[in-house]
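Below: one structure, written as structure tokens.
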Amino acid sequence: VTVVEIPQWQGSGSRLARRLVLGAALLGEAITADGRHRVAVGNELGETRGGVRHADVLADNLAAIRTALPGSPAVTVGGDCGVELAPIEAAVQRHGDRLAVVWFDAHGDLNTPGSSPSGAFHGMVLRTLLGEGPAALAPAEPLSPSQVVLAGVRALDPAERDYIDGHGIPIVTAQDPAALVAAVQATGASAVYVHIDLDVLDPATFSSLGYPEPGGLSPGQLRSAVLALAERIPLAGLGITEYQPANPADQETLARLLPPLASLIR
Ligand SMILES: [Mn+2]
């Protein structure tokens, strides 16, 4: 498997967002890879443009990430959730409307620059992939809402809730792998991209997070859900994001959790 490490922090609104840089390196270390690309993203502060903080740096990063991606499915490690723009764009270009995206996250990441309470891009990533984000970060080809399944999402802003209700996007708890598999199969997909924001995990089981939300999955539940999915539908890529190292025990959790997931990408 090829691992693409992207130490981008500017998409996060967390006070400790710069810890995501170390997080990217440690996530990469937890995975045995055949090939490894460390994307040289900007480490500087950017300007706020159109309601998006650090927008200019994020646009430069996107260009660098597009160039660094291999021509086949990879494991992408963040960094903030914004690192998923280019890998998911590539999966859409490969699979078109036969792709589903499963968004394992405590949050919907479905704000627009206008609805975002913070201006932090990591809360707008999925909406941007759906074609309603800042123009400078727009994908070559947008996803359709019917291609998206939200998994473990439990903290939504009002505008995100409206978007989900308006488009009938399914939210599954993912504690039951069968329900997740059924929701993805209902999209008709022949390939599935799996996005994991580690805040999908319960903070009682994993606490190195910028935005912990109670009521999440255990690492074992997350692993079971992804394995069940991959048993039925080939993975088009895997992203693991938002690791803000704080608790050494969390690195051991990742060392157990990530290798079996990464081995699903061939
Ligand atoms: Mn998130």
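Chain identifiers are assigned as A, B, and so on, following the order in which chains appear in the structure tokens; residues are numbered from 1 within each chain, and ligands are numbered from 1 in order of appearance.
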Test item, strand (DSSP E) assignment across segment 64-184 of chain A, answer as a short mmCIF file (atom, residue, chain, number, x, y, z; two decimals) with N, CA, C and O atoms, in the first residue's frame:
```cif
data_model
loop_
_atom_site.label_atom_id
_atom_site.label_comp_id
_atom_site.auth_asym_id
_atom_site.auth_seq_id
_atom_site.Cartn_x
_atom_site.Cartn_y
_atom_site.Cartn_z
N VAL A 75 -3.64 5.07 1.03
CA VAL A 75 -4.07 5.47 2.37
C VAL A 75 -3.55 6.89 2.59
O VAL A 75 -2.35 7.13 2.52
N THR A 76 -4.46 7.80 2.83
CA THR A 76 -4.10 9.19 3.08
C THR A 76 -4.18 9.45 4.57
O THR A 76 -5.19 9.12 5.20
N VAL A 77 -3.11 10.00 5.16
CA VAL A 77 -3.19 10.35 6.57
C VAL A 77 -2.99 11.85 6.74
O VAL A 77 -2.09 12.46 6.16
N LEU A 99 -19.27 5.35 -7.26
CA LEU A 99 -18.52 5.50 -6.01
C LEU A 99 -19.48 5.89 -4.87
O LEU A 99 -20.37 6.70 -5.07
N ALA A 100 -19.27 5.30 -3.70
CA ALA A 100 -19.89 5.81 -2.48
C ALA A 100 -18.77 6.32 -1.57
O ALA A 100 -17.64 5.83 -1.63
N VAL A 101 -19.12 7.31 -0.76
CA VAL A 101 -18.19 7.83 0.24
C VAL A 101 -18.83 7.62 1.61
O VAL A 101 -19.96 8.07 1.85
N VAL A 102 -18.12 6.89 2.49
CA VAL A 102 -18.59 6.74 3.87
C VAL A 102 -17.78 7.69 4.73
O VAL A 102 -16.54 7.63 4.76
N TRP A 103 -18.49 8.57 5.43
CA TRP A 103 -17.86 9.64 6.20
C TRP A 103 -17.97 9.29 7.68
O TRP A 103 -18.97 9.59 8.32
N PHE A 104 -16.93 8.59 8.18
CA PHE A 104 -16.87 8.29 9.62
C PHE A 104 -16.36 9.53 10.34
O PHE A 104 -15.20 9.92 10.19
N VAL A 148 -23.39 9.56 -0.65
CA VAL A 148 -22.77 9.77 0.66
C VAL A 148 -23.54 9.03 1.76
O VAL A 148 -24.77 9.05 1.79
N VAL A 149 -22.80 8.38 2.65
CA VAL A 149 -23.36 7.78 3.87
C VAL A 149 -22.57 8.33 5.05
O VAL A 149 -21.33 8.25 5.07
N LEU A 150 -23.27 8.90 6.01
CA LEU A 150 -22.63 9.44 7.22
C LEU A 150 -22.64 8.36 8.28
O LEU A 150 -23.67 7.73 8.54
N ALA A 151 -21.47 8.13 8.91
CA ALA A 151 -21.35 7.05 9.89
C ALA A 151 -20.82 7.60 11.21
O ALA A 151 -19.75 8.20 11.24
N ILE A 171 -27.77 8.63 7.89
CA ILE A 171 -26.82 8.63 9.01
C ILE A 171 -26.97 7.28 9.70
O ILE A 171 -28.07 6.93 10.15
N VAL A 172 -25.90 6.51 9.75
CA VAL A 172 -25.93 5.25 10.49
C VAL A 172 -24.99 5.38 11.70
O VAL A 172 -23.99 6.08 11.65
#
```
- request: Enumerate residues in contact with ligand 1: an atom-to-atom distance of at most 7 Å, counting only C-alpha atoms and all ligand atoms. Format the result as a PyMOL selection string.
  value: chain A and resi 81+105-109+122-123+197+199
task: Write out as number ranges by chain which residues come within 8 Å of Gln175 of chain A when counting only C-alpha atoms, dropping same-chain ones fewer than 6 positions away.
output: A: 217, 221-222, 225
message: Taking only C-alpha atoms into account, name the residue in A:Ser207, A:Ser118, A:Ser12, A:Thr67 that is nearest to Ala40 of chain A.
response: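 Under the stated criterion, the closest residue is A:Thr67.
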field: Residue with smallest distance to Arg66 of chain A - pool A:Leu130, A:Ala174, A:Leu137, A:Ile31, counting only C-alpha atoms
entry: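 Selected residue with least distance to Arg66 of chain A: A:Leu137.
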- prompt: Any idea what's packed within 10 Å of Arg53 of chain A, counting only C-alpha atoms, ignoring anything in its chain fewer than 6 positions away? Could you give it as number ranges by chain?
  reply: A: 10-13, 45-47, 113, 118-121
- prompt: Would you give me, as an MDAnalysis selection string, the residues in segment 14-252 of chain A that DSSP reads as alpha helix (DSSP H)?
  reply: chainID A and resid 19:29 55:68 85:95 125:129 158:167 177:185 219:232 248:252
message: Under the rule that only C-alpha atoms are counted, which of A:Glu132, A:Glu141, A:Asp176, A:Asp34 is the nearest residue to Ala86 of chain A?
response: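 Nearest candidate to Ala86 of chain A out of A:Glu132, A:Glu141, A:Asp176, A:Asp34: A:Glu141.
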- request: Identify which of the residues A:Ser218, A:Ser116, A:Asn247, A:Gln8 lies closest to Ala64 of chain A, counting only C-alpha atoms when measuring atom-to-atom distances.
  value: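 Using only C-alpha atoms, Ala64 of chain A sits closest to A:Gln8.
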task: Point out the residue among A:Gly220, A:Gly237, A:Pro177, A:Gly42 with the least atom-to-atom distance to Val3 of chain A, counting only C-alpha atoms.
output: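 Using only C-alpha atoms, the shortest distance to Val3 of chain A belongs to A:Gly237.
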message: I'd like to know which of A:Leu110, A:Ala140, A:Val184, A:Leu209 is closest to Ala246 of chain A, using only C-alpha atoms.
response: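 Of all the options, A:Leu209 lies closest to Ala246 of chain A.
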message: Give me, as a list in words, all polymer residues having an atom no more than 10 Å from Pro145 of chain A, counting only C-alpha atoms and skipping those fewer than 6 positions away in the same chain.
response: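 Those residues are Ala100, Val101, Leu126, Arg127, Leu129, Leu130, Gly131, Tyr163, Ile164, Gly166, His167, Gly168, Ile169 and Pro170 of chain A.
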- prompt: Could you state the separation of atom CA of Leu235 of chain A and atom CA of Met124 of chain A in Å, given to one decimal place?
  reply: 23.5 Å
